[in-house]
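K.L.:
Next comes final-v6.cif, mmCIF, C-alpha atoms:
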```cif
data_target
#
loop_
_atom_site.label_atom_id
_atom_site.label_comp_id
_atom_site.auth_asym_id
_atom_site.auth_seq_id
_atom_site.Cartn_x
_atom_site.Cartn_y
_atom_site.Cartn_z
CA MET A 1 134.26 122.64 41.51
CA PRO A 2 135.26 123.85 44.99
CA THR A 3 137.55 121.59 46.99
CA GLN A 4 136.29 120.02 50.18
CA PRO A 5 137.77 121.53 53.36
CA THR A 6 140.22 119.42 55.33
CA ARG A 7 138.42 117.68 58.17
CA TYR A 8 139.74 117.94 61.71
CA ILE A 9 138.29 115.47 64.22
CA ALA A 10 139.60 115.16 67.77
CA HIS A 11 138.95 112.16 69.99
CA PHE A 12 139.28 112.72 73.75
CA ASP A 13 139.44 109.83 76.22
CA LEU A 14 139.72 110.19 80.00
CA ASP A 15 142.56 107.88 81.07
CA SER A 16 141.85 105.23 83.74
CA PHE A 17 138.71 107.19 84.46
CA PHE A 18 137.54 105.45 87.62
CA VAL A 19 140.94 105.39 89.30
CA SER A 20 141.59 108.98 88.19
CA VAL A 21 138.33 110.18 89.79
CA GLU A 22 139.27 108.52 93.07
CA ILE A 23 142.72 110.16 92.98
CA ALA A 24 141.20 113.55 92.10
CA ASN A 25 139.01 113.27 95.23
CA ASN A 26 141.93 112.06 97.32
CA PRO A 27 145.29 113.34 95.95
CA ALA A 28 147.16 111.35 98.61
CA LEU A 29 146.47 108.26 96.46
CA LYS A 30 148.56 109.60 93.57
CA GLY A 31 151.52 107.37 92.76
CA LEU A 32 150.22 104.52 94.92
CA PRO A 33 148.86 101.11 93.89
CA VAL A 34 145.09 101.70 93.91
CA ILE A 35 142.37 99.15 93.17
CA VAL A 36 138.72 100.05 92.64
CA GLY A 37 136.31 97.22 93.39
CA GLY A 38 134.28 95.33 95.95
CA SER A 39 135.24 93.30 99.00
CA LYS A 40 138.67 91.72 99.33
CA GLU A 41 137.26 88.21 99.53
CA ARG A 42 134.47 88.04 96.94
CA GLY A 43 134.77 91.16 94.78
CA VAL A 44 136.41 91.71 91.41
CA VAL A 45 138.81 94.40 90.25
CA ALA A 46 136.85 97.15 88.50
CA ALA A 47 139.89 99.31 87.76
CA CYS A 48 143.45 99.72 88.98
CA SER A 49 146.24 102.27 88.79
CA TYR A 50 149.36 101.79 86.69
CA GLU A 51 151.29 101.23 89.93
CA ALA A 52 149.05 98.24 90.72
CA ARG A 53 149.35 96.90 87.17
CA LYS A 54 153.12 96.53 87.65
CA PHE A 55 152.32 93.69 90.06
CA GLY A 56 150.15 91.89 87.50
CA VAL A 57 146.80 93.25 88.68
CA HIS A 58 144.22 93.86 85.95
CA SER A 59 140.51 94.49 85.47
CA ALA A 60 138.08 91.59 86.05
CA MET A 61 140.63 89.78 88.21
CA PRO A 62 139.22 88.27 91.45
CA MET A 63 139.97 90.72 94.25
CA LYS A 64 141.44 87.97 96.41
CA LYS A 65 144.08 87.20 93.78
CA ALA A 66 144.77 90.91 93.20
CA MET A 67 145.47 91.44 96.90
CA GLN A 68 147.78 88.44 96.91
CA LEU A 69 149.76 89.91 94.01
CA CYS A 70 149.78 93.39 95.52
CA PRO A 71 149.03 93.21 99.27
CA GLN A 72 150.02 96.87 99.75
CA ALA A 73 147.32 98.06 97.34
CA ILE A 74 144.76 100.56 98.59
CA LEU A 75 141.22 99.29 98.02
CA VAL A 76 138.58 101.87 97.06
CA LYS A 77 134.95 100.83 96.57
CA GLY A 78 134.05 103.72 94.27
CA THR A 79 130.87 105.72 93.84
CA ARG A 80 128.98 105.84 90.54
CA GLY A 81 127.53 109.26 91.36
CA GLU A 82 131.03 110.76 91.41
CA TYR A 83 131.85 109.28 88.02
CA SER A 84 128.72 110.83 86.55
CA ARG A 85 129.54 114.20 88.15
CA TYR A 86 133.05 114.29 86.70
CA SER A 87 131.78 113.19 83.29
CA LYS A 88 129.26 116.05 83.26
CA TRP A 89 132.00 118.45 84.36
CA VAL A 90 134.19 117.52 81.38
CA THR A 91 131.16 117.67 79.09
CA GLU A 92 130.41 121.23 80.21
CA ILE A 93 134.02 122.34 79.60
CA ILE A 94 133.94 120.96 76.06
CA ALA A 95 130.45 122.31 75.31
CA ALA A 96 131.52 125.84 76.30
CA ARG A 97 134.42 125.86 73.83
CA VAL A 98 133.52 123.94 70.68
CA PRO A 99 130.61 124.19 68.21
CA LEU A 100 130.07 120.48 67.59
CA PHE A 101 130.89 117.45 69.73
CA GLU A 102 129.64 113.93 70.40
CA LYS A 103 129.69 112.25 73.80
CA ALA A 104 130.35 108.62 72.89
CA SER A 105 130.38 107.35 76.49
CA ILE A 106 130.84 108.55 80.05
CA ASP A 107 134.57 109.17 79.42
CA GLU A 108 134.90 109.52 75.63
CA PHE A 109 134.23 112.45 73.27
CA TYR A 110 134.56 113.30 69.57
CA ILE A 111 134.98 116.95 68.55
CA ASP A 112 134.53 118.30 65.01
CA LEU A 113 136.85 121.26 64.39
CA THR A 114 136.48 121.35 60.62
CA GLY A 115 136.65 124.89 59.26
CA MET A 116 138.12 126.34 62.43
CA ASP A 117 141.61 126.18 60.88
CA LYS A 118 140.71 129.42 59.06
CA PHE A 119 140.85 131.26 62.36
CA PHE A 120 143.50 129.51 64.48
CA ASP A 121 145.88 126.56 64.76
CA VAL A 122 143.59 123.56 65.32
CA PHE A 123 146.28 121.43 66.96
CA GLN A 124 147.20 124.17 69.43
CA PHE A 125 143.52 124.74 70.20
CA THR A 126 143.02 121.04 70.94
CA LYS A 127 146.10 120.97 73.19
CA ALA A 128 144.80 124.02 75.06
CA LEU A 129 141.40 122.36 75.55
CA ARG A 130 143.08 119.28 76.98
CA GLU A 131 145.16 121.44 79.32
CA THR A 132 142.01 123.22 80.52
CA ILE A 133 140.28 119.91 81.31
CA VAL A 134 143.33 118.63 83.21
CA ALA A 135 143.74 121.91 85.12
CA GLU A 136 140.09 122.20 86.17
CA THR A 137 139.19 118.57 86.89
CA LYS A 138 142.63 117.17 87.80
CA LEU A 139 141.87 114.20 85.53
CA PRO A 140 144.40 112.89 82.98
CA ILE A 141 143.07 112.87 79.42
CA SER A 142 144.51 111.79 76.07
CA PHE A 143 143.51 112.90 72.59
CA GLY A 144 144.11 112.02 68.98
CA LEU A 145 143.60 114.54 66.15
CA ALA A 146 143.05 113.32 62.59
CA CYS A 147 140.88 113.69 59.49
CA ASN A 148 138.17 111.30 60.70
CA LYS A 149 136.75 109.61 63.80
CA LEU A 150 138.38 106.24 63.17
CA VAL A 151 141.96 107.47 62.85
CA ALA A 152 141.48 109.95 65.70
CA LYS A 153 140.38 107.14 68.04
CA ILE A 154 143.32 104.92 67.09
CA ALA A 155 145.67 107.89 67.56
CA THR A 156 144.27 108.42 71.07
CA ASP A 157 144.99 104.81 71.95
CA GLU A 158 148.57 105.23 70.77
CA ALA A 159 148.95 108.46 72.76
CA LYS A 160 147.95 106.94 76.11
CA PRO A 161 148.57 107.43 78.93
CA ASN A 162 147.89 111.14 79.33
CA GLY A 163 149.29 112.17 75.96
CA PHE A 164 148.28 113.43 72.54
CA LEU A 165 149.02 112.65 68.89
CA TRP A 166 148.26 114.45 65.63
CA VAL A 167 147.99 112.37 62.46
CA GLN A 168 148.36 115.06 59.83
CA PRO A 169 146.27 115.06 56.63
CA ARG A 170 147.28 112.44 54.05
CA GLN A 171 149.45 110.62 56.60
CA GLU A 172 146.70 108.21 57.70
CA LYS A 173 147.92 105.13 55.79
CA GLU A 174 151.49 105.62 56.91
CA PHE A 175 150.42 106.04 60.56
CA LEU A 176 148.27 102.91 60.52
CA ALA A 177 150.63 100.68 58.54
CA ALA A 178 152.94 99.59 61.36
CA LEU A 179 150.14 98.82 63.83
CA PRO A 180 148.79 95.29 64.43
CA VAL A 181 145.38 94.57 62.91
CA TYR A 182 143.65 94.33 66.28
CA LYS A 183 144.21 98.06 66.75
CA ILE A 184 141.35 98.68 64.31
CA PRO A 185 138.15 99.28 66.33
CA GLY A 186 135.75 96.38 65.83
CA VAL A 187 138.46 93.81 65.10
CA GLY A 188 138.06 91.36 67.94
CA LYS A 189 139.85 88.20 68.92
CA ASN A 190 138.10 85.93 66.40
CA THR A 191 138.69 88.26 63.44
CA THR A 192 142.32 88.72 64.48
CA VAL A 193 142.88 84.96 64.51
CA ALA A 194 141.16 84.58 61.12
CA LEU A 195 143.37 87.28 59.60
CA GLN A 196 146.50 85.73 61.10
CA GLN A 197 145.60 82.47 59.40
CA LEU A 198 145.90 84.38 56.13
CA GLY A 199 149.29 85.69 57.19
CA ILE A 200 147.92 89.17 57.99
CA GLU A 201 149.54 90.50 61.17
CA THR A 202 149.84 94.24 60.49
CA ILE A 203 147.52 96.86 59.07
CA ALA A 204 150.04 97.39 56.23
CA GLN A 205 149.45 93.80 55.08
CA LEU A 206 145.70 94.30 55.29
CA GLN A 207 145.88 97.51 53.24
CA THR A 208 147.09 95.67 50.13
CA TYR A 209 145.63 92.18 50.61
CA PRO A 210 143.46 91.02 47.66
CA THR A 211 139.90 92.00 48.51
CA ALA A 212 138.36 89.04 46.69
CA THR A 213 140.33 86.58 48.82
CA LEU A 214 139.43 88.47 51.98
CA GLU A 215 135.74 88.39 51.06
CA LYS A 216 135.80 84.57 51.01
CA LEU A 217 136.72 84.70 54.68
CA LEU A 218 134.83 87.75 55.95
CA GLY A 219 132.05 88.30 53.41
CA SER A 220 130.83 91.88 52.96
CA TYR A 221 132.80 92.97 56.04
CA ALA A 222 136.04 92.58 54.05
CA LEU A 223 135.58 95.81 52.10
CA GLU A 224 134.68 97.82 55.21
CA LEU A 225 137.73 96.44 57.00
CA GLN A 226 140.07 97.36 54.17
CA LEU A 227 138.68 100.88 54.02
CA LYS A 228 139.42 101.22 57.74
CA ALA A 229 142.91 99.81 57.23
CA ASN A 230 143.53 102.56 54.67
CA GLY A 231 142.30 105.23 57.03
CA ILE A 232 139.04 105.83 55.18
CA HIS A 233 136.01 106.50 57.36
CA HIS A 234 132.98 108.70 56.77
CA GLY A 235 131.27 108.62 60.15
CA GLU A 236 130.00 112.04 61.23
CA VAL A 237 130.28 113.58 64.67
CA GLN A 238 126.75 113.48 66.05
CA ASN A 239 125.80 116.69 67.85
CA TYR A 240 125.45 115.96 71.57
CA HIS A 241 122.02 116.15 73.13
CA GLU A 242 120.28 114.44 76.00
CA ALA A 243 119.15 111.15 74.52
CA LYS A 244 115.42 110.33 74.64
CA SER A 245 116.16 106.69 73.94
CA ILE A 246 119.12 104.32 73.53
CA SER A 247 119.18 101.37 71.20
CA THR A 248 121.39 98.75 69.64
CA GLU A 249 120.89 96.26 66.85
CA GLN A 250 122.83 93.54 65.07
CA THR A 251 122.63 92.33 61.49
CA PHE A 252 123.75 88.72 61.21
CA ASN A 253 126.02 87.47 58.43
CA GLU A 254 123.90 84.33 58.31
CA PRO A 255 120.20 84.51 59.34
CA ILE A 256 119.37 82.87 62.68
CA THR A 257 116.48 80.45 63.08
CA GLN A 258 116.94 79.15 66.64
CA LEU A 259 115.29 81.04 69.49
CA ASP A 260 118.03 80.08 71.97
CA ALA A 261 120.67 81.69 69.75
CA LEU A 262 118.60 84.87 69.46
CA LYS A 263 118.15 84.86 73.23
CA LYS A 264 121.92 84.96 73.78
CA HIS A 265 122.32 87.88 71.37
CA LEU A 266 119.46 89.71 73.09
CA LEU A 267 121.08 89.15 76.49
CA ALA A 268 124.31 90.77 75.23
CA MET A 269 122.35 93.73 73.85
CA ILE A 270 120.45 94.33 77.08
CA GLU A 271 123.66 94.11 79.08
CA LYS A 272 125.18 96.79 76.83
CA LEU A 273 122.14 99.08 77.06
CA CYS A 274 121.81 98.74 80.83
CA PHE A 275 125.47 99.65 81.24
CA GLU A 276 124.90 102.83 79.23
CA LEU A 277 121.70 103.56 81.15
CA ARG A 278 123.42 103.33 84.53
CA SER A 279 126.40 105.35 83.31
CA ASN A 280 124.02 108.26 82.80
CA ASN A 281 122.10 107.70 86.05
CA ARG A 282 118.86 107.00 84.20
CA TYR A 283 116.05 104.45 84.53
CA THR A 284 113.89 103.18 81.71
CA THR A 285 110.15 102.67 81.74
CA CYS A 286 109.80 101.27 78.22
CA VAL A 287 111.52 98.28 76.57
CA ALA A 288 111.24 97.47 72.85
CA VAL A 289 112.51 94.61 70.65
CA LYS A 290 112.75 94.55 66.85
CA LEU A 291 113.09 91.61 64.43
CA ARG A 292 113.79 91.78 60.69
CA LYS A 293 113.59 88.91 58.21
CA PRO A 294 115.87 88.48 55.17
CA ASN A 295 113.07 89.92 52.97
CA PHE A 296 113.19 93.10 55.17
CA ASP A 297 109.82 92.48 56.81
CA THR A 298 110.23 94.14 60.20
CA ALA A 299 108.20 93.80 63.40
CA THR A 300 108.55 95.69 66.69
CA LYS A 301 106.92 95.24 70.09
CA GLN A 302 107.32 97.28 73.24
CA MET A 303 106.39 96.96 76.90
CA HIS A 304 106.13 99.47 79.72
CA VAL A 305 107.96 98.57 82.93
CA THR A 306 108.42 100.10 86.36
CA GLY A 307 111.42 102.45 86.26
CA THR A 308 114.55 100.30 86.38
CA ALA A 309 118.20 100.00 85.30
CA SER A 310 118.47 96.32 86.28
CA ASP A 311 119.81 93.90 83.67
CA LYS A 312 117.49 91.17 84.90
CA GLU A 313 114.27 93.21 85.00
CA ILE A 314 114.89 94.70 81.56
CA PHE A 315 115.97 91.40 80.02
CA ASP A 316 112.90 89.62 81.40
CA ALA A 317 110.71 92.17 79.58
CA ALA A 318 112.77 91.97 76.38
CA TRP A 319 112.70 88.17 76.45
CA GLN A 320 108.89 88.20 76.65
CA LEU A 321 108.77 90.51 73.63
CA LEU A 322 111.20 88.36 71.65
CA GLN A 323 109.12 85.25 72.26
CA GLN A 324 106.02 87.10 71.05
CA LEU A 325 107.77 88.23 67.85
CA TYR A 326 109.56 84.97 67.10
CA GLN A 327 108.15 82.60 64.49
CA PRO A 328 109.60 79.06 64.48
CA LYS A 329 111.74 78.21 61.44
CA HIS A 330 111.51 81.78 60.14
CA PRO A 331 115.08 83.15 59.79
CA VAL A 332 115.99 86.42 61.47
CA ARG A 333 118.38 88.79 59.72
CA LEU A 334 118.41 91.60 62.28
CA LEU A 335 117.74 91.81 66.02
CA GLY A 336 117.40 95.11 67.87
CA ALA A 337 116.55 96.42 71.35
CA ARG A 338 115.61 99.91 72.57
CA LEU A 339 115.11 101.54 75.97
CA SER A 340 113.15 104.80 76.26
CA HIS A 341 110.89 106.98 78.42
CA PHE A 342 113.66 107.68 80.91
CA VAL A 343 113.13 108.85 84.48
CA ALA A 344 115.69 110.22 86.93
CA ALA A 345 114.82 107.90 89.80
CA ALA A 346 113.38 104.43 90.25
CA PRO A 347 111.08 103.08 92.96
CA GLN A 348 112.37 100.43 95.32
CA THR A 349 111.93 96.95 93.84
CA GLN A 350 111.76 93.59 95.53
CA LEU A 351 113.84 91.87 92.88
CA PHE A 352 116.88 91.68 95.12
CA THR A 353 116.89 90.81 98.80
CA ASN A 354 119.98 92.94 99.40
CA VAL A 355 119.78 96.12 97.34
CA ALA A 356 123.05 97.56 98.68
CA LYS A 357 125.06 94.50 97.61
CA THR A 358 123.42 94.49 94.18
CA GLU A 359 124.18 98.19 93.71
CA GLN A 360 127.82 97.55 94.61
CA LEU A 361 127.95 94.64 92.17
CA TYR A 362 126.67 96.81 89.31
CA GLN A 363 129.18 99.53 90.21
CA SER A 364 132.04 97.04 89.98
CA ILE A 365 130.79 95.52 86.72
CA ASP A 366 130.22 98.93 85.11
CA ALA A 367 133.63 100.19 86.19
CA ILE A 368 135.33 97.19 84.60
CA LYS A 369 133.57 97.83 81.31
CA GLN A 370 134.65 101.46 81.29
CA ARG A 371 138.32 100.47 81.15
CA PHE A 372 138.51 100.59 77.37
CA GLY A 373 136.90 97.32 76.65
CA LYS A 374 133.26 96.80 77.40
CA GLN A 375 133.65 93.06 76.86
CA ALA A 376 136.05 92.74 79.80
CA LEU A 377 133.26 91.24 81.89
CA THR A 378 130.09 89.62 80.61
CA LYS A 379 127.52 87.01 81.53
CA ALA A 380 128.46 83.38 81.02
CA ALA A 381 125.34 82.83 78.89
CA ILE A 382 126.65 85.31 76.30
CA ILE A 383 130.01 83.61 75.80
CA ASN A 384 130.39 81.44 72.68
CA LYS A 385 127.08 82.51 71.13
CA LYS A 386 126.07 80.10 68.38
CA THR A 387 124.31 81.45 65.32
CA THR A 388 122.56 78.84 63.22
#
```
In structure tokens, write the structure found in this file.

P.N.:
Amino acid sequence: MPTQPTRYIAHFDLDSFFVSVEIANNPALKGLPVIVGGSKERGVVAACSYEARKFGVHSAMPMKKAMQLCPQAILVKGTRGEYSRYSKWVTEIIAARVPLFEKASIDEFYIDLTGMDKFFDVFQFTKALRETIVAETKLPISFGLACNKLVAKIATDEAKPNGFLWVQPRQEKEFLAALPVYKIPGVGKNTTVALQQLGIETIAQLQTYPTATLEKLLGSYALELQLKANGIHHGEVQNYHEAKSISTEQTFNEPITQLDALKKHLLAMIEKLCFELRSNNRYTTCVAVKLRKPNFDTATKQMHVTGTASDKEIFDAAWQLLQQLYQPKHPVRLLGARLSHFVAAAPQTQLFTNVAKTEQLYQSIDAIKQRFGKQALTKAAIINKKTT
């Protein structure tokens, strides 16, 4: 039986993307405390340079407080169109040099180099690709190279800022062992606290913890988490193409019966989808919602809307669809939302009385979410979702 070839997956992440784009357009800003955001009095920090961080400035901080901490900071409002242009530029560089890659977000890419080791040194090739991106775009970029997407992404995080790291084959467990459990993608604050209550602080402890005991706390997620802790991940790099739709869905550990609880989950989903929509300068004209019961009965409804990328307009449509699908006292196992039928431009709407201010608000919110943590800023209604 032939042996499987060693997999080589690279994960590229543009460092401090929004600040880096501003510096690339204005090199005089390099080395200075730079803050990207709205007005000094009522705005929030969308992104900031490492020089500004030294003063305690961070994303989602009120701009007024940030300027008090770092009064010498240079405030830049930012332009979403420039972020999209630079993202496409990097995409084109990668597409011209590799056979298979996935664009995970506006500033994040996975590249499958499996099999290319027969022809050249994969690590040196990946380094050269990074150097090309930096030289052409003037943007800093970090990468991790490993046997799968999960370990490659974690390696990238450890390589930042503007660095690279190769986790060689069969060294995955050793690399992960010393890291804290929250370094595993998908392990949020609540899961981290739950694991700490079991005495699990590091990934090494999670690697060998009795699975049966872990299942009592985390259910079916326990096995998946331990596989990740041991560096095992089978996710494939999805060949990049212009998406015809974007969607998200959530399967609940315990079925939900209350409409208000479903509404909060739907709001979080729409916020996520609208962020992705705006990142790609697209507008949707079709909104769909899906519900699935514990017996796997599934129902979907969709609605056509005037071209929009507004959280409120899209959520209003999705909320109508959810109310049409919802049946009182019938538990819901899965909730999903999808946006499709994209257009490149949207007509002027009357939803907001000041379109310019609203556009600036979305730019600030989206920029915050791009700083490696899309939960950095969210609507108050989403916080502390209750699932009953």

K.L.:
Which is closest to Ala24 of chain A among A:Phe12, A:Val134, A:Ile93, A:Ala222, if we use all atoms listed in the file?

P.N.:
A:Val134

K.L.:
Looking at A:Leu217, A:Ala46, A:Val289, A:Val98, which one is nearest to Asp316 of chain A, with distances taken over all atoms listed in the file?

P.N.:
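Selected residue with least distance to Asp316 of chain A: A:Val289.
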
K.L.:
Write out as a list in words the residues lying within 9 Å of Ile270 of chain A, counting all atoms listed in the file and excluding same-chain residues fewer than 5 positions away.

P.N.:
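Listed by chain and then number, they are Thr248, His265, Phe275, Asp311, Lys312, Ile314, Phe315, Ala318, Ala337 and Arg338 of chain A.
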
K.L.:
Residues of segment 229-342 of chain A that have any atom at most 9 Å from an atom of segment 170-183 of chain A: could you tabulate them with the shortest-distance atom pair and the distance in Å to one decimal, using only C-alpha atoms, ordered by chain and increasing number, as CSV?

P.N.:
```
residue,atom,partner,partner_atom,distance
A:Ala229,CA,A:Leu176,CA,7.0
A:Asn230,CA,A:Lys173,CA,5.2
A:Gly231,CA,A:Glu172,CA,5.4
A:Ile232,CA,A:Glu172,CA,8.4
```

K.L.:
Sorted by chain and rising residue number, list the residues of segment 101-154 of chain A at most 12 Å from segment 278-286 of chain A (counting all atoms listed in the file), each with its closest atom pair and distance in Å to one decimal, as a tab-separated table.

P.N.:
```
residue	atom	partner	partner_atom	distance
A:Lys103	CA	A:Asn280	CA	11.4
A:Ala104	CA	A:Ser279	CA	11.6
A:Ser105	CA	A:Ser279	CA	8.1
A:Ile106	CA	A:Ser279	CA	6.4
A:Asp107	CA	A:Ser279	CA	9.8
```

K.L.:
Since I can't run it myself right now, could you work out what the PyMOL selection byres ((chain A and resi 226) around 9) selects here and report it as JSON, numbers by chain?

P.N.:
{"A": [203, 206, 207, 208, 209, 211, 221, 222, 223, 224, 225, 227, 228, 229, 230, 231, 232]}

K.L.:
In Å to one decimal, how far is atom CA of Ala66 of chain A from atom CA of Ser84 of chain A?

P.N.:
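Atom-to-atom, atom CA of Ser84 of chain A and atom CA of Ala66 of chain A are spaced 26.4 Å apart.
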